[in-house]
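Structure file upload.pdb; described as PDB, C-alpha atoms.
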```pdb
ATOM      1  CA  MET A   1     119.464  73.791  93.036  1.00  0.00           C
ATOM      2  CA  SER A   2     115.821  73.757  94.054  1.00  0.00           C
ATOM      3  CA  LYS A   3     113.260  76.129  92.576  1.00  0.00           C
ATOM      4  CA  GLU A   4     112.931  77.842  95.964  1.00  0.00           C
ATOM      5  CA  ASN A   5     116.700  78.479  96.185  1.00  0.00           C
ATOM      6  CA  ARG A   6     116.783  79.894  92.638  1.00  0.00           C
ATOM      7  CA  GLN A   7     113.897  82.231  93.495  1.00  0.00           C
ATOM      8  CA  HIS A   8     115.636  83.395  96.684  1.00  0.00           C
ATOM      9  CA  ARG A   9     118.888  84.163  94.803  1.00  0.00           C
ATOM     10  CA  ARG A  10     116.948  86.131  92.167  1.00  0.00           C
ATOM     11  CA  ASP A  11     115.032  88.106  94.840  1.00  0.00           C
ATOM     12  CA  GLU A  12     118.173  89.237  96.656  1.00  0.00           C
ATOM     13  CA  HIS A  13     119.424  90.918  93.475  1.00  0.00           C
ATOM     14  CA  GLU A  14     116.200  92.693  92.544  1.00  0.00           C
ATOM     15  CA  VAL A  15     115.839  96.414  93.180  1.00  0.00           C
ATOM     16  CA  ASP A  16     113.109  97.540  95.578  1.00  0.00           C
ATOM     17  CA  TRP A  17     111.902 100.582  93.626  1.00  0.00           C
ATOM     18  CA  LYS A  18     109.600 101.719  96.437  1.00  0.00           C
ATOM     19  CA  ALA A  19     112.620 101.902  98.752  1.00  0.00           C
ATOM     20  CA  VAL A  20     114.583 103.773  96.064  1.00  0.00           C
ATOM     21  CA  GLY A  21     111.688 106.231  95.823  1.00  0.00           C
ATOM     22  CA  ARG A  22     111.756 106.742  99.588  1.00  0.00           C
ATOM     23  CA  ARG A  23     115.478 107.528  99.419  1.00  0.00           C
ATOM     24  CA  VAL A  24     114.889 110.021  96.586  1.00  0.00           C
ATOM     25  CA  ARG A  25     112.180 111.637  98.712  1.00  0.00           C
ATOM     26  CA  GLU A  26     114.563 111.723 101.669  1.00  0.00           C
ATOM     27  CA  LEU A  27     117.159 113.530  99.543  1.00  0.00           C
ATOM     28  CA  ARG A  28     114.589 116.106  98.466  1.00  0.00           C
ATOM     29  CA  GLY A  29     113.826 116.959 102.070  1.00  0.00           C
ATOM     30  CA  PHE A  30     110.962 119.155 103.218  1.00  0.00           C
ATOM     31  CA  ASP A  31     112.254 122.534 102.090  1.00  0.00           C
ATOM     32  CA  VAL A  32     112.493 121.701  98.359  1.00  0.00           C
ATOM     33  CA  THR A  33     109.403 121.274  96.189  1.00  0.00           C
ATOM     34  CA  GLN A  34     109.041 118.446  93.718  1.00  0.00           C
ATOM     35  CA  SER A  35     109.217 121.007  90.931  1.00  0.00           C
ATOM     36  CA  GLN A  36     112.510 122.451  92.194  1.00  0.00           C
ATOM     37  CA  PHE A  37     114.060 119.021  92.713  1.00  0.00           C
ATOM     38  CA  ALA A  38     112.842 117.812  89.318  1.00  0.00           C
ATOM     39  CA  LYS A  39     114.518 120.759  87.588  1.00  0.00           C
ATOM     40  CA  ARG A  40     117.806 119.970  89.321  1.00  0.00           C
ATOM     41  CA  ILE A  41     117.781 116.401  88.002  1.00  0.00           C
ATOM     42  CA  GLN A  42     116.231 117.315  84.651  1.00  0.00           C
ATOM     43  CA  VAL A  43     112.944 115.413  84.871  1.00  0.00           C
ATOM     44  CA  SER A  44     109.327 116.554  85.005  1.00  0.00           C
ATOM     45  CA  GLN A  45     107.586 117.046  88.339  1.00  0.00           C
ATOM     46  CA  ASN A  46     105.133 114.306  87.368  1.00  0.00           C
ATOM     47  CA  TYR A  47     107.943 111.833  86.677  1.00  0.00           C
ATOM     48  CA  LEU A  48     109.620 112.712  89.996  1.00  0.00           C
ATOM     49  CA  SER A  49     106.339 111.981  91.775  1.00  0.00           C
ATOM     50  CA  THR A  50     106.182 108.610  90.016  1.00  0.00           C
ATOM     51  CA  MET A  51     109.780 107.917  91.086  1.00  0.00           C
ATOM     52  CA  GLU A  52     109.132 108.867  94.708  1.00  0.00           C
ATOM     53  CA  HIS A  53     106.152 106.516  94.850  1.00  0.00           C
ATOM     54  CA  GLY A  54     108.274 103.650  93.478  1.00  0.00           C
ATOM     55  CA  ASN A  55     106.061 103.212  90.429  1.00  0.00           C
ATOM     56  CA  VAL A  56     108.877 103.256  87.868  1.00  0.00           C
ATOM     57  CA  GLU A  57     112.298 101.697  87.375  1.00  0.00           C
ATOM     58  CA  ILE A  58     114.593 104.725  87.355  1.00  0.00           C
ATOM     59  CA  GLY A  59     117.086 104.735  84.516  1.00  0.00           C
ATOM     60  CA  ALA A  60     120.845 104.835  84.968  1.00  0.00           C
ATOM     61  CA  SER A  61     121.215 108.365  83.577  1.00  0.00           C
ATOM     62  CA  ILE A  62     118.717 109.767  86.105  1.00  0.00           C
ATOM     63  CA  LEU A  63     120.312 107.854  88.982  1.00  0.00           C
ATOM     64  CA  LEU A  64     123.680 109.251  87.918  1.00  0.00           C
ATOM     65  CA  ARG A  65     122.319 112.822  87.849  1.00  0.00           C
ATOM     66  CA  ILE A  66     120.831 112.395  91.339  1.00  0.00           C
ATOM     67  CA  SER A  67     124.090 110.902  92.583  1.00  0.00           C
ATOM     68  CA  LYS A  68     126.205 113.765  91.244  1.00  0.00           C
ATOM     69  CA  GLU A  69     123.780 116.532  92.219  1.00  0.00           C
ATOM     70  CA  PHE A  70     123.357 115.392  95.832  1.00  0.00           C
ATOM     71  CA  GLY A  71     126.653 113.624  96.568  1.00  0.00           C
ATOM     72  CA  LYS A  72     125.124 110.219  97.201  1.00  0.00           C
ATOM     73  CA  SER A  73     126.374 107.001  95.652  1.00  0.00           C
ATOM     74  CA  ILE A  74     124.256 105.076  93.187  1.00  0.00           C
ATOM     75  CA  GLU A  75     124.719 102.093  95.491  1.00  0.00           C
ATOM     76  CA  TRP A  76     123.064 104.076  98.312  1.00  0.00           C
ATOM     77  CA  LEU A  77     120.204 105.103  96.035  1.00  0.00           C
ATOM     78  CA  LEU A  78     119.607 101.485  95.002  1.00  0.00           C
ATOM     79  CA  THR A  79     120.277  99.656  98.269  1.00  0.00           C
ATOM     80  CA  GLY A  80     120.475 102.146 101.116  1.00  0.00           C
ATOM     81  CA  GLU A  81     124.066 101.035 101.746  1.00  0.00           C
ATOM     82  CA  GLY A  82     127.340 102.700 100.852  1.00  0.00           C
TER      83      GLY A  82
END
```

Any chance you could give the structure as structure tokens?
Amino acid sequence: MSKENRQHRRDEHEVDWKAVGRRVRELRGFDVTQSQFAKRIQVSQNYLSTMEHGNVEIGASILLRISKEFGKSIEWLLTGEG
């Protein structure tokens, strides 16, 4: 397998954290503040802001809390599908 093919296979399995952040922001909506949303998923407002901007890899426990709290699958949070 060529180096280019190996790189392509690796890229298709990597998480786009900026896209995940956009989906988290979408879940929050416009009528809920960052502070309110952060309390619901048990993180600080500052950390939620970092998540929404895609500047952090969100841990499994936080993704699970978001999934349960808002009825969205972890697959949807990570990929936008499902």

Between atom CA of Ser35 of chain A and atom CA of Gly54 of chain A, measure the distance and give it in Å to one decimal.
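So the two atoms, atom CA of Ser35 of chain A and atom CA of Gly54 of chain A, lie 17.6 Å apart.
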
Skip Arg25 of chain A itself and residues of its chain fewer than 6 positions away, then list as number ranges by chain all residues within 12 Å of it, counting all atoms listed in the file.
A: 18-19, 31-34, 37-38, 48-54, 66, 77

Could you tell me, as an MDAnalysis selection string, exactly which residues end up selected when the PyMOL selection byres ((chain A and resi 42) around 12) is applied to this structure?
chainID A and resid 34:41 43:48 61:66 69

Can I get the residues of segment 8-31 of chain A within 12 Å of segment 57-60 of chain A, each with the closest pair of atoms and their distance in Å to one decimal, using only C-alpha atoms, sorted chain first then ascending number, as a tab-separated table?
```
residue	atom	partner	partner_atom	distance
A:Glu14	CA	A:Glu57	CA	11.1
A:Val15	CA	A:Glu57	CA	8.6
A:Asp16	CA	A:Glu57	CA	9.2
A:Trp17	CA	A:Glu57	CA	6.4
A:Lys18	CA	A:Glu57	CA	9.5
A:Ala19	CA	A:Glu57	CA	11.4
A:Val20	CA	A:Ile58	CA	8.8
A:Gly21	CA	A:Ile58	CA	9.1
A:Val24	CA	A:Ile58	CA	10.6
```

note - atom CA of Thr79 of chain A and atom CA of Ser67 of chain A are separated by 13.2 Å

Can you work out the spacing between atom CA of Gly71 of chain A and atom CA of Glu12 of chain A in Å, to one decimal?
25.8 Å

Axis-aligned box for all listed atoms of segment 59-78 of chain A, 6 Å per side, centre and edges in Å to one decimal, as AutoDock Vina command-line options:
```
--center_x 121.9 --center_y 109.0 --center_z 90.9 --size_x 21.6 --size_y 27.0 --size_z 26.7
```
